[in-house]
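Remarks on the structure that follows.
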Amino acid sequence: MGSIYVSFIVKSVPVCTDNTELLEKSFQSIYKPIIKYLYSHPTFSLSFTFSGCQIQYFKKRKNELITILRELVDRKQVEILGGGYNDPLLPLLNSVDRNGQIDLLTSEIRQTFGKRPRGMTLFQDCWDSSLVNNIHTCGLEYVILSSSLVPESKRSFLPIFMSDLGKNVDIFLYYNDLVPDEEMLAEEFIYNVEKSVLKIEKKDTHLQLDADRIVAITLTPKQAAKLNESKWFERLGKYIDENKDGRVKLTTLNNYRTNGMKMKIPSYIPVGISDEVAQIIQNASNDSKNKFPSTIYDFMYSYSASRKLYNRMMYTSLLVNQYKADKMRKKTAREKLWQAQNGMSILSTASEPIKNSLYRQQAYKYLTDAEKMLRGDGNFNESVTCFDYDNDGIEEYVCRMEQYFAYISLAGGSVPELDVIKDSCNYADNLQRTFEFDGCDDEYDRGFFIDHLFTPAQLDLYIRGEPAGDGVFSRIQYSQLKYSGQHHEVQLCARAVWKPTGQTVYLRKKYVINSTGMYVQYIIKNESDKPLVAKFAVESNLCDIAYLTEKKCGFSIETVDNGEVVVLDSEKSSLELNKKDKLNNVQLVRLSDKPNGISFVFEPNEKCHYCFTPIKYNRPGFDREKIEPVNLTYASSLYWDINIEPGRETEKSINFTIIPVKKIKK
């Protein structure tokens, strides 16, 4: 019987931004006690993974930790593993960004700890076979993945050898079912490890070629802290030292590789992601019987807000990588882009779902800052271009204007994204209500300039914030009537049957895009043989970009109704005012995000009705037990009474303007 080498790996603390408070707390409660134990017990080996911002924090604030870790690395007791600098989801990135993120962290580790990493981990085990080329190109020799990503026949407690397009890399699997807890006896842990290895050895033929086995076990920072606090590490180290003739020994993966590793199992791992995220995907799709491995793309198809952020990320990457004018600007913009690529901004968080929206907005801020940096060279020209922006096989209209970035989608003819350059935020980062968590379902994507056709009864439900019919034009695909990039003009059209009366309605919608906003014109034509009597509503949804349940809202809503200024309570809907026949002759609506100094003004061409509803979205964490508000949207709608004779048409229009205002702190 050969030896069984056990390698413990402590994962990095997931941090989306330079959260000094979180990093300080993790240092005091996790790293300081563990490093203290390792320094006084030279025979106990451990590996760490750190993100780039963690290392930067340690260098600036905790230089004593760096000094001790360098000594532990020199005596080969501790191994520092590499990865992506900002914990990115590497398969989602372009190859140049993958290599850049890996090389940046590799360089940071070498300069800080005196030895370059040989292996790496992936954020949430987000894997794709194309990463083999990037890992090999960056000079790393092995990667650590979950055993759930490979078939059971390959889980033999031996390294896996994978080759792709002539490049190869070693893969070490870690086993979640062997993770100890603080109440487990050291003898019980050793017994579990030996039992698992013996079970495999009875089935395979590799024992004759290589009697030694390697068992990698990853620990979250909290798990590692609990094991150390309960002195479990000390009990395990003492037990192994007292039983030197036993099979189980502690090591690091690099020491195992360099000290006589004989056998590798050839295998090919196409795609995969951690069990934690795979469970979320199954819950969202209600498909527990799917035997195919889950991927990060399955997650984004389940969560449209993450997919929209990824589309913006890829577009900004395109801008940065194609920029040629100024090397320093390109370097700074790329750093912002890489900060935005943190995996926490796309994936949900485990214990605090409220931070999901905040992380996304932080990513949008970095992306907008990157574009702002490229624009600052004085050569920026406003443009409206037509191409498949969101990779859905249908062209969109991308508007890069002086004060904002947006795109127009043929799905509903709406504006799904609006990034204001001044404060670097996406005010269209809206979610959809789901019955399970919010009590009702939204059957359309919320954005700006969503069109509805209602009966009076449906409008009453709509004003209450309840599902109201199908709205017709909010759920259909528009067609391009005219596009002029030179004149910044987009004309769309849609034909639909209005279900309440069975009448055919034709809608022409024209966008004229300018530096400070958009002019949107509607021409509604009745193509039936009887009069069309309905309510035509145009809905725009503004996301509260800094939504926190414990703080007061910073948005204000003002309208000009019958020549008088009416200030609405942003925390309540306008239902009571609508019941009193107020807001029926509205000439202007202004929604202001005062903390960020931005106002959005909607000015119709003729007096109209107005309604407003704040909508809170509730979501669970990974455990799906704690459900809490995660996002707030302000649904603002202008609507008109229309009465169109057969064959006739009517025209409505809205002038939308983005105006900088003085910032007012909450």
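Note on naming: chains are A, B, ... as they come in the structure tokens, residues start from 1 per chain, ligands start from 1 in the order shown.
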
- Message: as an MDAnalysis selection string, please: every residue in range 311-399 of chain A that DSSP puts in alpha helix (DSSP H).
- Response: chainID A and resid 311:322 327:340 355:375

- Message: If DSSP is run on the backbone, what residues of range 304-507 of chain A are strand (DSSP E or B)? A reply as JSON, numbers by chain would be ideal.
- Response: {"A": [342, 383, 384, 385, 386, 387, 396, 397, 398, 399, 400, 404, 405, 406, 407, 408, 411, 415, 417, 418, 419, 420, 425, 426, 448, 450, 451, 452, 453, 454, 477, 479, 480, 481, 482, 483, 484, 489, 490, 491, 492, 493, 494, 495, 496, 497, 498, 503, 504, 505, 506, 507]}

- Shortest contact to Val520 in chain A, candidates A:Glu188, A:Glu651, A:Asp212, A:Glu417, atoms counted only C-alpha atoms, goes to A:Glu651

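When CA of Glu108 in chain A is paired with CA of Ser40 in chain A, their separation reads 26.6 Å.
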
Which residues of range 302-373 of chain A sit at most 9 Å from range 428-437 of chain A, using only C-alpha atoms? Give each one's shortest atom pair and distance in Å (one decimal place), in chain and ascending residue order, as JSON lines.
```
{"residue": "A:Tyr303", "atom": "CA", "partner": "A:Leu431", "partner_atom": "CA", "distance": 8.8}
{"residue": "A:Ser304", "atom": "CA", "partner": "A:Leu431", "partner_atom": "CA", "distance": 7.8}
{"residue": "A:Ala305", "atom": "CA", "partner": "A:Leu431", "partner_atom": "CA", "distance": 6.5}
{"residue": "A:Lys308", "atom": "CA", "partner": "A:Asp429", "partner_atom": "CA", "distance": 8.4}
{"residue": "A:Leu309", "atom": "CA", "partner": "A:Asp429", "partner_atom": "CA", "distance": 8.7}
{"residue": "A:Ser357", "atom": "CA", "partner": "A:Asp429", "partner_atom": "CA", "distance": 8.1}
{"residue": "A:Arg360", "atom": "CA", "partner": "A:Asp429", "partner_atom": "CA", "distance": 8.4}
{"residue": "A:Gln361", "atom": "CA", "partner": "A:Asp429", "partner_atom": "CA", "distance": 8.0}
```

Those residues you just picked out, can you put them in a file as a compact mmCIF listing (two decimals), in the first residue's frame with N, CA and C atoms?
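Okay, this is what ended up in again.txt:
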```txt
# COMPACT_ATOMS: atom_id res chain seq x y z
N TYR A 303 -31.04 33.95 -15.73
CA TYR A 303 -31.06 35.26 -15.07
C TYR A 303 -30.68 36.34 -16.09
N SER A 304 -31.70 37.01 -16.62
CA SER A 304 -31.49 37.97 -17.71
C SER A 304 -30.63 39.16 -17.28
N ALA A 305 -30.71 39.57 -16.00
CA ALA A 305 -29.91 40.72 -15.54
C ALA A 305 -28.42 40.41 -15.66
N LYS A 308 -27.45 40.54 -19.40
CA LYS A 308 -27.31 41.91 -19.92
C LYS A 308 -25.98 42.52 -19.49
N LEU A 309 -25.59 42.26 -18.24
CA LEU A 309 -24.29 42.75 -17.78
C LEU A 309 -23.16 42.13 -18.59
N SER A 357 -27.70 43.26 -6.80
CA SER A 357 -27.90 44.47 -7.59
C SER A 357 -26.76 45.46 -7.38
N ARG A 360 -23.80 44.29 -9.41
CA ARG A 360 -23.98 44.57 -10.84
C ARG A 360 -23.76 46.04 -11.14
N GLN A 361 -24.29 46.92 -10.30
CA GLN A 361 -24.10 48.34 -10.53
C GLN A 361 -22.62 48.73 -10.41
```

- Message: Residues near Thr316 in chain A, anyone? I mean within 8 Å using only C-alpha atoms, not counting same-chain ones fewer than 6 positions away, as a PyMOL selection string.
- Response: chain A and resi 337+367+370-371
